[in-house]
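Undergrad: Below you'll find start_18.cif; it's mmCIF, C-alpha atoms.
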```cif
data_input
loop_
_atom_site.label_atom_id
_atom_site.label_comp_id
_atom_site.auth_asym_id
_atom_site.auth_seq_id
_atom_site.Cartn_x
_atom_site.Cartn_y
_atom_site.Cartn_z
CA MET A 1 0.00 0.00 0.00
CA ASP A 2 1.26 3.47 -0.93
CA ASN A 3 1.83 5.57 2.19
CA ARG A 4 3.23 8.64 0.48
CA ILE A 5 1.55 11.85 1.65
CA THR A 6 1.24 13.02 -1.95
CA GLU A 7 -0.89 9.94 -2.68
CA SER A 8 -3.05 10.10 0.45
CA ASP A 9 -6.79 10.77 0.29
CA SER A 10 -8.01 14.30 -0.27
CA TYR A 11 -9.50 16.17 2.68
CA TYR A 12 -12.59 16.51 0.48
CA ASP A 13 -14.99 14.00 -1.00
CA ASP A 14 -17.86 13.99 -3.49
CA LEU A 15 -16.13 16.67 -5.55
CA GLU A 16 -18.54 16.07 -8.43
CA LYS A 17 -21.41 17.20 -6.19
CA MET A 18 -19.83 20.56 -5.38
CA SER A 19 -20.87 23.74 -7.13
CA VAL A 20 -18.26 25.55 -9.21
CA GLU A 21 -17.98 28.16 -6.48
CA GLU A 22 -17.36 25.47 -3.87
CA LEU A 23 -14.74 23.82 -6.04
CA LEU A 24 -12.88 27.08 -6.62
CA THR A 25 -13.11 28.14 -2.98
CA ASN A 26 -11.77 24.84 -1.71
CA ILE A 27 -8.96 24.66 -4.26
CA ASN A 28 -7.96 28.18 -3.30
CA LYS A 29 -8.06 27.23 0.39
CA GLU A 30 -5.63 24.39 -0.26
CA ASP A 31 -3.38 26.55 -2.44
CA ALA A 32 -3.17 29.15 0.32
CA SER A 33 -1.45 26.62 2.57
CA VAL A 34 1.50 26.12 0.22
CA SER A 35 3.48 29.24 1.15
CA GLY A 36 3.35 28.25 4.81
CA SER A 37 4.84 24.87 3.98
CA ILE A 38 7.66 26.56 2.07
CA LYS A 39 8.32 28.98 4.92
CA LYS A 40 9.23 26.03 7.12
CA VAL A 41 12.10 25.01 4.83
CA ILE A 42 13.62 28.37 3.87
CA SER A 43 16.82 27.51 5.73
CA THR A 44 17.33 24.42 3.56
CA ILE A 45 16.59 26.40 0.40
CA GLU A 46 19.15 28.97 1.54
CA LYS A 47 21.88 26.33 1.85
CA LEU A 48 21.28 25.12 -1.69
CA VAL A 49 21.20 28.65 -3.11
CA GLN A 50 24.55 29.45 -1.46
CA VAL A 51 26.08 26.34 -3.04
CA VAL A 52 24.71 27.17 -6.51
CA VAL A 53 26.03 30.73 -6.30
CA GLY A 54 29.48 29.48 -5.31
CA LYS A 55 29.57 26.98 -8.16
CA MET A 56 28.42 29.52 -10.74
CA GLU A 57 30.99 32.05 -9.57
CA THR A 58 33.67 29.54 -10.58
CA GLY A 59 32.15 28.66 -13.96
CA GLY A 60 29.59 26.03 -12.98
CA ARG A 61 26.05 25.49 -14.20
CA LEU A 62 22.71 24.53 -12.69
CA PHE A 63 20.75 21.51 -13.95
CA TYR A 64 17.16 20.55 -13.15
CA ILE A 65 16.04 16.99 -13.87
CA GLY A 66 12.49 15.75 -13.51
CA ALA A 67 9.63 13.82 -15.10
CA GLY A 68 6.11 14.91 -16.04
CA THR A 69 4.94 18.08 -14.30
CA SER A 70 8.14 18.30 -12.27
CA GLY A 71 10.30 18.13 -15.39
CA ARG A 72 8.19 20.73 -17.18
CA LEU A 73 8.45 23.11 -14.23
CA GLY A 74 12.23 22.81 -14.29
CA ILE A 75 12.30 23.54 -18.00
CA VAL A 76 10.08 26.59 -17.54
CA ASP A 77 12.34 28.01 -14.84
CA ALA A 78 15.50 27.33 -16.83
CA SER A 79 14.07 28.81 -20.03
CA GLU A 80 13.12 32.04 -18.30
CA CYS A 81 16.61 32.79 -16.98
CA PRO A 82 18.15 34.05 -20.26
CA PRO A 83 15.43 36.58 -21.13
CA THR A 84 14.99 37.74 -17.54
CA PHE A 85 18.63 37.98 -16.48
CA GLY A 86 20.54 38.07 -19.76
CA VAL A 87 22.54 34.90 -19.05
CA ASP A 88 23.60 32.28 -21.58
CA ALA A 89 21.00 29.61 -22.36
CA GLY A 90 23.36 26.90 -21.13
CA LEU A 91 23.82 28.32 -17.63
CA VAL A 92 20.58 26.86 -16.26
CA VAL A 93 19.43 23.68 -18.00
CA GLY A 94 16.16 21.81 -17.57
CA LEU A 95 15.97 18.11 -18.51
CA ILE A 96 12.82 15.98 -18.65
CA ALA A 97 12.38 12.22 -18.83
CA GLY A 98 11.48 11.35 -22.40
CA GLY A 99 13.21 14.38 -23.91
CA ASP A 100 11.62 17.41 -25.55
CA THR A 101 8.63 15.36 -26.75
CA ALA A 102 7.61 14.95 -23.10
CA ILE A 103 7.27 18.71 -22.64
CA ARG A 104 3.93 18.59 -24.46
CA LYS A 105 2.96 14.93 -24.38
CA ALA A 106 3.52 12.19 -21.82
CA VAL A 107 6.10 9.62 -22.85
CA GLU A 108 5.14 6.22 -21.45
CA PHE A 109 7.49 4.74 -18.84
CA ALA A 110 10.21 7.31 -19.56
CA GLU A 111 10.47 8.15 -15.88
CA ASP A 112 11.01 4.53 -14.85
CA ASP A 113 14.57 4.18 -16.18
CA LEU A 114 17.19 4.53 -13.43
CA GLU A 115 20.00 5.24 -15.90
CA GLU A 116 18.36 7.66 -18.32
CA GLY A 117 18.67 10.74 -16.08
CA TRP A 118 22.44 10.31 -15.95
CA ASN A 119 22.58 9.61 -19.68
CA ASP A 120 20.74 12.89 -20.35
CA LEU A 121 23.09 14.80 -18.05
CA LYS A 122 26.14 13.34 -19.78
CA GLN A 123 24.87 14.74 -23.09
CA HIS A 124 25.55 18.17 -21.55
CA ASN A 125 28.99 17.21 -20.23
CA VAL A 126 27.93 17.62 -16.61
CA SER A 127 30.90 17.84 -14.24
CA ASP A 128 31.85 18.49 -10.63
CA LYS A 129 31.72 22.21 -11.40
CA ASP A 130 27.94 21.95 -11.67
CA VAL A 131 24.94 21.48 -9.39
CA VAL A 132 22.11 19.07 -10.25
CA ILE A 133 18.69 19.50 -8.62
CA GLY A 134 16.25 16.61 -8.91
CA ILE A 135 12.56 17.54 -8.90
CA ALA A 136 9.94 14.92 -8.01
CA ALA A 137 6.81 15.43 -5.95
CA SER A 138 6.82 11.78 -4.87
CA GLY A 139 10.56 11.64 -4.27
CA THR A 140 10.61 8.19 -5.84
CA THR A 141 10.88 8.78 -9.61
CA PRO A 142 13.63 6.42 -10.89
CA TYR A 143 14.78 8.84 -13.63
CA VAL A 144 15.49 11.47 -10.99
CA VAL A 145 16.73 9.24 -8.17
CA GLY A 146 19.08 7.39 -10.51
CA GLY A 147 20.36 10.66 -11.93
CA LEU A 148 21.30 11.93 -8.47
CA GLN A 149 22.88 8.61 -7.50
CA ALA A 150 25.17 8.82 -10.52
CA CYS A 151 25.97 12.47 -9.79
CA ASN A 152 26.98 11.61 -6.25
CA SER A 153 29.21 8.82 -7.54
CA ASN A 154 30.91 11.33 -9.84
CA GLY A 155 31.49 14.04 -7.25
CA ILE A 156 28.73 16.33 -8.51
CA THR A 157 26.80 18.45 -6.01
CA THR A 158 23.15 17.45 -5.73
CA GLY A 159 19.94 18.94 -4.38
CA CYS A 160 16.27 18.09 -4.69
CA ILE A 161 12.75 19.45 -4.39
CA THR A 162 10.19 16.92 -3.20
CA CYS A 163 6.89 16.92 -1.33
CA ASN A 164 7.20 13.70 0.66
CA PRO A 165 9.36 13.43 3.80
CA GLY A 166 12.07 10.79 3.99
CA SER A 167 11.91 9.85 0.32
CA PRO A 168 14.62 7.99 -1.63
CA LEU A 169 15.31 11.21 -3.55
CA ALA A 170 15.87 13.24 -0.38
CA GLU A 171 18.18 10.53 0.92
CA GLU A 172 20.30 10.81 -2.23
CA ALA A 173 20.40 14.61 -2.37
CA GLN A 174 23.18 16.40 -0.53
CA TYR A 175 20.89 19.42 -0.17
CA PRO A 176 17.30 18.11 0.07
CA ILE A 177 14.32 20.45 0.10
CA GLU A 178 11.19 18.70 1.39
CA VAL A 179 8.06 20.85 1.06
CA VAL A 180 5.29 18.77 2.63
CA VAL A 181 2.03 20.26 1.37
CA GLY A 182 -0.23 17.36 2.32
CA PRO A 183 -2.94 15.60 0.30
CA GLU A 184 -4.04 17.09 -3.01
CA PHE A 185 -7.57 18.41 -3.58
CA VAL A 186 -7.94 15.73 -6.25
CA THR A 187 -6.29 12.71 -4.65
CA GLY A 188 -2.81 12.14 -6.08
CA SER A 189 -2.94 15.03 -8.55
CA THR A 190 0.48 16.45 -7.73
CA ARG A 191 0.28 19.04 -10.50
CA MET A 192 -1.80 20.99 -7.95
CA LYS A 193 -0.33 21.89 -4.53
CA ALA A 194 2.89 19.96 -5.03
CA GLY A 195 3.40 21.55 -8.45
CA THR A 196 2.70 24.99 -7.03
CA ALA A 197 5.23 24.40 -4.25
CA GLN A 198 7.86 23.25 -6.73
CA LYS A 199 7.27 26.28 -8.96
CA LEU A 200 7.58 28.67 -6.03
CA VAL A 201 10.79 27.06 -4.79
CA LEU A 202 12.28 27.11 -8.29
CA ASN A 203 11.44 30.82 -8.53
CA MET A 204 13.15 31.40 -5.19
CA ILE A 205 16.28 29.48 -6.16
CA SER A 206 16.90 30.94 -9.61
CA THR A 207 15.93 34.50 -8.68
CA SER A 208 18.08 34.53 -5.52
CA VAL A 209 21.01 33.03 -7.40
CA MET A 210 20.82 35.61 -10.18
CA ILE A 211 20.52 38.49 -7.74
CA LYS A 212 23.61 37.32 -5.87
CA LEU A 213 25.43 37.02 -9.20
CA GLY A 214 24.75 40.70 -9.84
CA LYS A 215 22.07 40.32 -12.50
CA VAL A 216 19.67 42.71 -10.72
CA LYS A 217 20.31 46.31 -9.67
CA GLY A 218 17.95 47.76 -7.09
CA SER A 219 14.92 45.73 -8.08
CA ARG A 220 15.48 46.07 -11.82
CA MET A 221 16.28 43.41 -14.42
CA VAL A 222 19.09 45.47 -15.89
CA ASP A 223 20.46 42.61 -18.02
CA MET A 224 17.14 41.41 -19.46
CA GLN A 225 16.99 40.58 -23.16
CA LEU A 226 15.19 43.27 -25.16
CA SER A 227 13.23 40.84 -27.32
CA ASN A 228 9.94 42.69 -27.84
CA ASN A 229 8.38 46.16 -27.71
CA LYS A 230 7.08 45.68 -24.17
CA LEU A 231 10.58 44.97 -22.89
CA LEU A 232 12.06 47.85 -24.87
CA ALA A 233 9.53 50.17 -23.21
CA ARG A 234 10.31 48.70 -19.80
CA GLY A 235 14.03 49.17 -20.40
CA ALA A 236 13.54 52.78 -21.41
CA ARG A 237 11.53 53.44 -18.23
CA MET A 238 14.34 51.98 -16.13
CA ILE A 239 16.85 54.28 -17.79
CA MET A 240 14.55 57.29 -17.39
CA GLU A 241 14.25 56.64 -13.66
CA ALA A 242 17.92 55.86 -13.14
CA LEU A 243 19.25 58.90 -15.01
CA ASN A 244 16.31 61.30 -14.66
CA ILE A 245 16.16 61.92 -18.40
CA SER A 246 13.36 62.09 -20.96
CA GLU A 247 11.72 59.08 -22.57
CA VAL A 248 13.18 60.00 -25.95
CA ALA A 249 16.69 60.30 -24.54
CA ALA A 250 16.32 57.03 -22.64
CA ALA A 251 15.10 55.18 -25.72
CA GLN A 252 18.03 56.54 -27.72
CA LEU A 253 20.53 55.42 -25.10
CA LEU A 254 18.94 51.97 -25.04
CA LYS A 255 19.17 51.74 -28.82
CA GLU A 256 22.85 52.76 -28.75
CA HIS A 257 23.98 50.42 -25.99
CA GLY A 258 21.62 47.46 -26.32
CA SER A 259 21.08 46.96 -22.59
CA VAL A 260 19.78 48.85 -19.59
CA ARG A 261 22.98 48.26 -17.63
CA LYS A 262 25.27 49.54 -20.37
CA ALA A 263 23.03 52.53 -21.04
CA VAL A 264 23.06 53.60 -17.39
CA GLU A 265 26.77 52.98 -17.00
CA SER A 266 27.47 55.14 -20.03
CA ARG A 267 26.27 58.17 -18.05
CA SER A 268 27.75 57.17 -14.68
#
```
What does the file become when written as structure tokens?
TA:
Amino acid sequence: MDNRITESDSYYDDLEKMSVEELLTNINKEDASVSGSIKKVISTIEKLVQVVVGKMETGGRLFYIGAGTSGRLGIVDASECPPTFGVDAGLVVGLIAGGDTAIRKAVEFAEDDLEEGWNDLKQHNVSDKDVVIGIAASGTTPYVVGGLQACNSNGITTGCITCNPGSPLAEEAQYPIEVVVGPEFVTGSTRMKAGTAQKLVLNMISTSVMIKLGKVKGSRMVDMQLSNNKLLARGARMIMEALNISEVAAAQLLKEHGSVRKAVESRS
């Protein structure tokens, strides 16, 4: 019998008999508990962030590995680092069991291979300069657990994000983060509270790391990629505020220098 908290019965029953308002209210009630669960483990998140910062300062990278929802969340976080913070696409890498096909469509049994996580990491020449974070709500996914086992055997720093206490994944990780959010509203549907918890923790890790690496000034994304008109306008506003100049002058500086940071520094 499965005794994982993430698979335990919902606190609610007869969901099909609830009104839409009742469904939404109760889902929201459960979601509201997630931040409190994360608050309890901030000290463990802090330890992992400090390690990632140290590794990146000496040329290392950050890898996320996961399956299903967990893998997709890692890919989302990794893919948002270049446009938000202006870093190279290879600095934070998200890997999912089953490869890119699994981003949109489930790949049967891909997560059940103990060796495939390590094989995927080797395709990116992972080394002891890097940090690998395994993401699995259950903490039992073979693709992720096996990946971390191999990393540990090769002297690579490991962390994890899971939502069950005392899981095989947490036992393998050198820096385990266990966010215990309790049963899901729909029993076993870990894309809900567990997924929300994982997304929030990923946000905390990558954002804190990038801030400590100097990719934010004040509260501004001064190294963001200027890939559309909205971001160009945002960049110009940042320059206006930083230098107390007109919108036209700010836009011209941005055009000349290609980044908010360089534009501001040109007048410093």
Undergrad: For A:Cys151, which residue among A:Ile65, A:Ile211, A:Ala97, A:Ala136 is the nearest when counting only C-alpha atoms?
TA: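 The shortest atom-to-atom distance to A:Cys151 comes from A:Ile65.
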Undergrad: Exactly which residues make up the result of the PyMOL selection byres ((chain A and resi 49) around 10) on this file, given as a list in words?
TA: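 Applied to this file, the PyMOL selection byres ((chain A and resi 49) around 10) selects Ser43, Thr44, Ile45, Glu46, Lys47, Leu48, Gln50, Val51, Val52, Val53, Gly54, Lys55, Gly159, Tyr175, Met204, Ile205, Ser206, Thr207, Ser208, Val209, Met210 and Lys212 of chain A.
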Undergrad: Take the residues that were just selected and, keeping C-alpha atoms, output them as an mmCIF file, in the coordinates of the input.
TA:
```
data_model
loop_
_atom_site.group_PDB
_atom_site.id
_atom_site.type_symbol
_atom_site.label_atom_id
_atom_site.label_comp_id
_atom_site.auth_asym_id
_atom_site.auth_seq_id
_atom_site.Cartn_x
_atom_site.Cartn_y
_atom_site.Cartn_z
ATOM 1 C CA SER A 43 16.820 27.510 5.730
ATOM 2 C CA THR A 44 17.330 24.420 3.560
ATOM 3 C CA ILE A 45 16.590 26.400 0.400
ATOM 4 C CA GLU A 46 19.150 28.970 1.540
ATOM 5 C CA LYS A 47 21.880 26.330 1.850
ATOM 6 C CA LEU A 48 21.280 25.120 -1.690
ATOM 7 C CA GLN A 50 24.550 29.450 -1.460
ATOM 8 C CA VAL A 51 26.080 26.340 -3.040
ATOM 9 C CA VAL A 52 24.710 27.170 -6.510
ATOM 10 C CA VAL A 53 26.030 30.730 -6.300
ATOM 11 C CA GLY A 54 29.480 29.480 -5.310
ATOM 12 C CA LYS A 55 29.570 26.980 -8.160
ATOM 13 C CA GLY A 159 19.940 18.940 -4.380
ATOM 14 C CA TYR A 175 20.890 19.420 -0.170
ATOM 15 C CA MET A 204 13.150 31.400 -5.190
ATOM 16 C CA ILE A 205 16.280 29.480 -6.160
ATOM 17 C CA SER A 206 16.900 30.940 -9.610
ATOM 18 C CA THR A 207 15.930 34.500 -8.680
ATOM 19 C CA SER A 208 18.080 34.530 -5.520
ATOM 20 C CA VAL A 209 21.010 33.030 -7.400
ATOM 21 C CA MET A 210 20.820 35.610 -10.180
ATOM 22 C CA LYS A 212 23.610 37.320 -5.870
#
```
Undergrad: List as number ranges by chain: which residues have an atom within 12 Å of (7.4, 15.1, -14.5), counting only C-alpha atoms?
TA: A: 64-75, 94-99, 102-112, 134-144, 162, 189-191, 194-195, 198
Undergrad: Output C-alpha atoms for every residue in that selection, as a PDB file, in the frame of the given file.
TA:
```
ATOM      1  CA  TYR A  64      17.160  20.550 -13.150  1.00  0.00           C
ATOM      2  CA  ILE A  65      16.040  16.990 -13.870  1.00  0.00           C
ATOM      3  CA  GLY A  66      12.490  15.750 -13.510  1.00  0.00           C
ATOM      4  CA  ALA A  67       9.630  13.820 -15.100  1.00  0.00           C
ATOM      5  CA  GLY A  68       6.110  14.910 -16.040  1.00  0.00           C
ATOM      6  CA  THR A  69       4.940  18.080 -14.300  1.00  0.00           C
ATOM      7  CA  SER A  70       8.140  18.300 -12.270  1.00  0.00           C
ATOM      8  CA  GLY A  71      10.300  18.130 -15.390  1.00  0.00           C
ATOM      9  CA  ARG A  72       8.190  20.730 -17.180  1.00  0.00           C
ATOM     10  CA  LEU A  73       8.450  23.110 -14.230  1.00  0.00           C
ATOM     11  CA  GLY A  74      12.230  22.810 -14.290  1.00  0.00           C
ATOM     12  CA  ILE A  75      12.300  23.540 -18.000  1.00  0.00           C
ATOM     13  CA  GLY A  94      16.160  21.810 -17.570  1.00  0.00           C
ATOM     14  CA  LEU A  95      15.970  18.110 -18.510  1.00  0.00           C
ATOM     15  CA  ILE A  96      12.820  15.980 -18.650  1.00  0.00           C
ATOM     16  CA  ALA A  97      12.380  12.220 -18.830  1.00  0.00           C
ATOM     17  CA  GLY A  98      11.480  11.350 -22.400  1.00  0.00           C
ATOM     18  CA  GLY A  99      13.210  14.380 -23.910  1.00  0.00           C
ATOM     19  CA  ALA A 102       7.610  14.950 -23.100  1.00  0.00           C
ATOM     20  CA  ILE A 103       7.270  18.710 -22.640  1.00  0.00           C
ATOM     21  CA  ARG A 104       3.930  18.590 -24.460  1.00  0.00           C
ATOM     22  CA  LYS A 105       2.960  14.930 -24.380  1.00  0.00           C
ATOM     23  CA  ALA A 106       3.520  12.190 -21.820  1.00  0.00           C
ATOM     24  CA  VAL A 107       6.100   9.620 -22.850  1.00  0.00           C
ATOM     25  CA  GLU A 108       5.140   6.220 -21.450  1.00  0.00           C
ATOM     26  CA  PHE A 109       7.490   4.740 -18.840  1.00  0.00           C
ATOM     27  CA  ALA A 110      10.210   7.310 -19.560  1.00  0.00           C
ATOM     28  CA  GLU A 111      10.470   8.150 -15.880  1.00  0.00           C
ATOM     29  CA  ASP A 112      11.010   4.530 -14.850  1.00  0.00           C
ATOM     30  CA  GLY A 134      16.250  16.610  -8.910  1.00  0.00           C
ATOM     31  CA  ILE A 135      12.560  17.540  -8.900  1.00  0.00           C
ATOM     32  CA  ALA A 136       9.940  14.920  -8.010  1.00  0.00           C
ATOM     33  CA  ALA A 137       6.810  15.430  -5.950  1.00  0.00           C
ATOM     34  CA  SER A 138       6.820  11.780  -4.870  1.00  0.00           C
ATOM     35  CA  GLY A 139      10.560  11.640  -4.270  1.00  0.00           C
ATOM     36  CA  THR A 140      10.610   8.190  -5.840  1.00  0.00           C
ATOM     37  CA  THR A 141      10.880   8.780  -9.610  1.00  0.00           C
ATOM     38  CA  PRO A 142      13.630   6.420 -10.890  1.00  0.00           C
ATOM     39  CA  TYR A 143      14.780   8.840 -13.630  1.00  0.00           C
ATOM     40  CA  VAL A 144      15.490  11.470 -10.990  1.00  0.00           C
ATOM     41  CA  THR A 162      10.190  16.920  -3.200  1.00  0.00           C
ATOM     42  CA  SER A 189      -2.940  15.030  -8.550  1.00  0.00           C
ATOM     43  CA  THR A 190       0.480  16.450  -7.730  1.00  0.00           C
ATOM     44  CA  ARG A 191       0.280  19.040 -10.500  1.00  0.00           C
ATOM     45  CA  ALA A 194       2.890  19.960  -5.030  1.00  0.00           C
ATOM     46  CA  GLY A 195       3.400  21.550  -8.450  1.00  0.00           C
ATOM     47  CA  GLN A 198       7.860  23.250  -6.730  1.00  0.00           C
TER      48      GLN A 198
END
```
Undergrad: For the PyMOL selection byres ((chain A and resi 266) around 12), applied here, can you spell out every residue it catches as a list in words?
TA: Ile239, Ala242, Leu243, Ala250, Leu253, Leu254, Glu256, His257, Gly258, Ser259, Val260, Arg261, Lys262, Ala263, Val264, Glu265, Arg267 and Ser268 of chain A
Undergrad: What is the distance between atom CA of A:Met238 and atom CA of A:Asp77, in Å to one decimal?
TA: 24.1 Å
Undergrad: Pick from A:Ile245, A:Val93, A:Val180, A:Ala251: nearest to A:Val34, with all atoms listed in the file counted?
TA: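 Closest residue, counting all atoms listed in the file: A:Val180.
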Undergrad: Can you translate the PyMOL selection byres ((chain A and resi 183) around 9) into the concrete residues it hits in this file, as a PyMOL selection string?
TA: chain A and resi 5-11+181-182+184-190+193
Undergrad: Restrict the selected residues to C-alpha atoms and save them as an mmCIF file, in the coordinates of the input.
TA:
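This is the output file again-v2.cif:
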```
data_model
loop_
_atom_site.group_PDB
_atom_site.id
_atom_site.type_symbol
_atom_site.label_atom_id
_atom_site.label_comp_id
_atom_site.auth_asym_id
_atom_site.auth_seq_id
_atom_site.Cartn_x
_atom_site.Cartn_y
_atom_site.Cartn_z
ATOM 1 C CA ILE A 5 1.550 11.850 1.650
ATOM 2 C CA THR A 6 1.240 13.020 -1.950
ATOM 3 C CA GLU A 7 -0.890 9.940 -2.680
ATOM 4 C CA SER A 8 -3.050 10.100 0.450
ATOM 5 C CA ASP A 9 -6.790 10.770 0.290
ATOM 6 C CA SER A 10 -8.010 14.300 -0.270
ATOM 7 C CA TYR A 11 -9.500 16.170 2.680
ATOM 8 C CA VAL A 181 2.030 20.260 1.370
ATOM 9 C CA GLY A 182 -0.230 17.360 2.320
ATOM 10 C CA GLU A 184 -4.040 17.090 -3.010
ATOM 11 C CA PHE A 185 -7.570 18.410 -3.580
ATOM 12 C CA VAL A 186 -7.940 15.730 -6.250
ATOM 13 C CA THR A 187 -6.290 12.710 -4.650
ATOM 14 C CA GLY A 188 -2.810 12.140 -6.080
ATOM 15 C CA SER A 189 -2.940 15.030 -8.550
ATOM 16 C CA THR A 190 0.480 16.450 -7.730
ATOM 17 C CA LYS A 193 -0.330 21.890 -4.530
#
```
Undergrad: If you count only C-alpha atoms, which residues fall within 9 Å of A:Lys129, apart from same-chain ones fewer than 2 positions away, as a ChimeraX atom specification?
TA: /A:55-56,58-61,126-127,131,156-157
Undergrad: Which is closest to A:Leu114 among A:Gly90, A:Leu148, A:Phe85, A:Asp100, if we use only C-alpha atoms?
TA: A:Leu148
Undergrad: Could you tell me how far atom CA of A:Ala89 lies from atom CA of A:Phe63, in Å and to one decimal?
TA: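 Answer for the atom CA of A:Ala89 to atom CA of A:Phe63 separation: 11.7 Å.
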Undergrad: Using all atoms listed in the file, which of A:Glu116, A:Asp130, A:Glu21, A:Asp14 sits nearest A:Leu91?
TA: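 Ranking A:Glu116, A:Asp130, A:Glu21, A:Asp14 by distance to A:Leu91, first place goes to A:Asp130.
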Undergrad: Figure out the distance between atom CA of A:Val179 and atom CA of A:Asn164, please, to one decimal in Å.
TA: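 According to the coordinates, atom CA of A:Asn164 and atom CA of A:Val179 are separated by 7.2 Å.
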Undergrad: Using only C-alpha atoms, pick whichever of A:Ala78, A:Gly155, A:Ala249, A:Asp13 has the shortest atom-to-atom distance to A:Gln174.
TA: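 Checking each candidate against A:Gln174, we get A:Gly155 as the closest.
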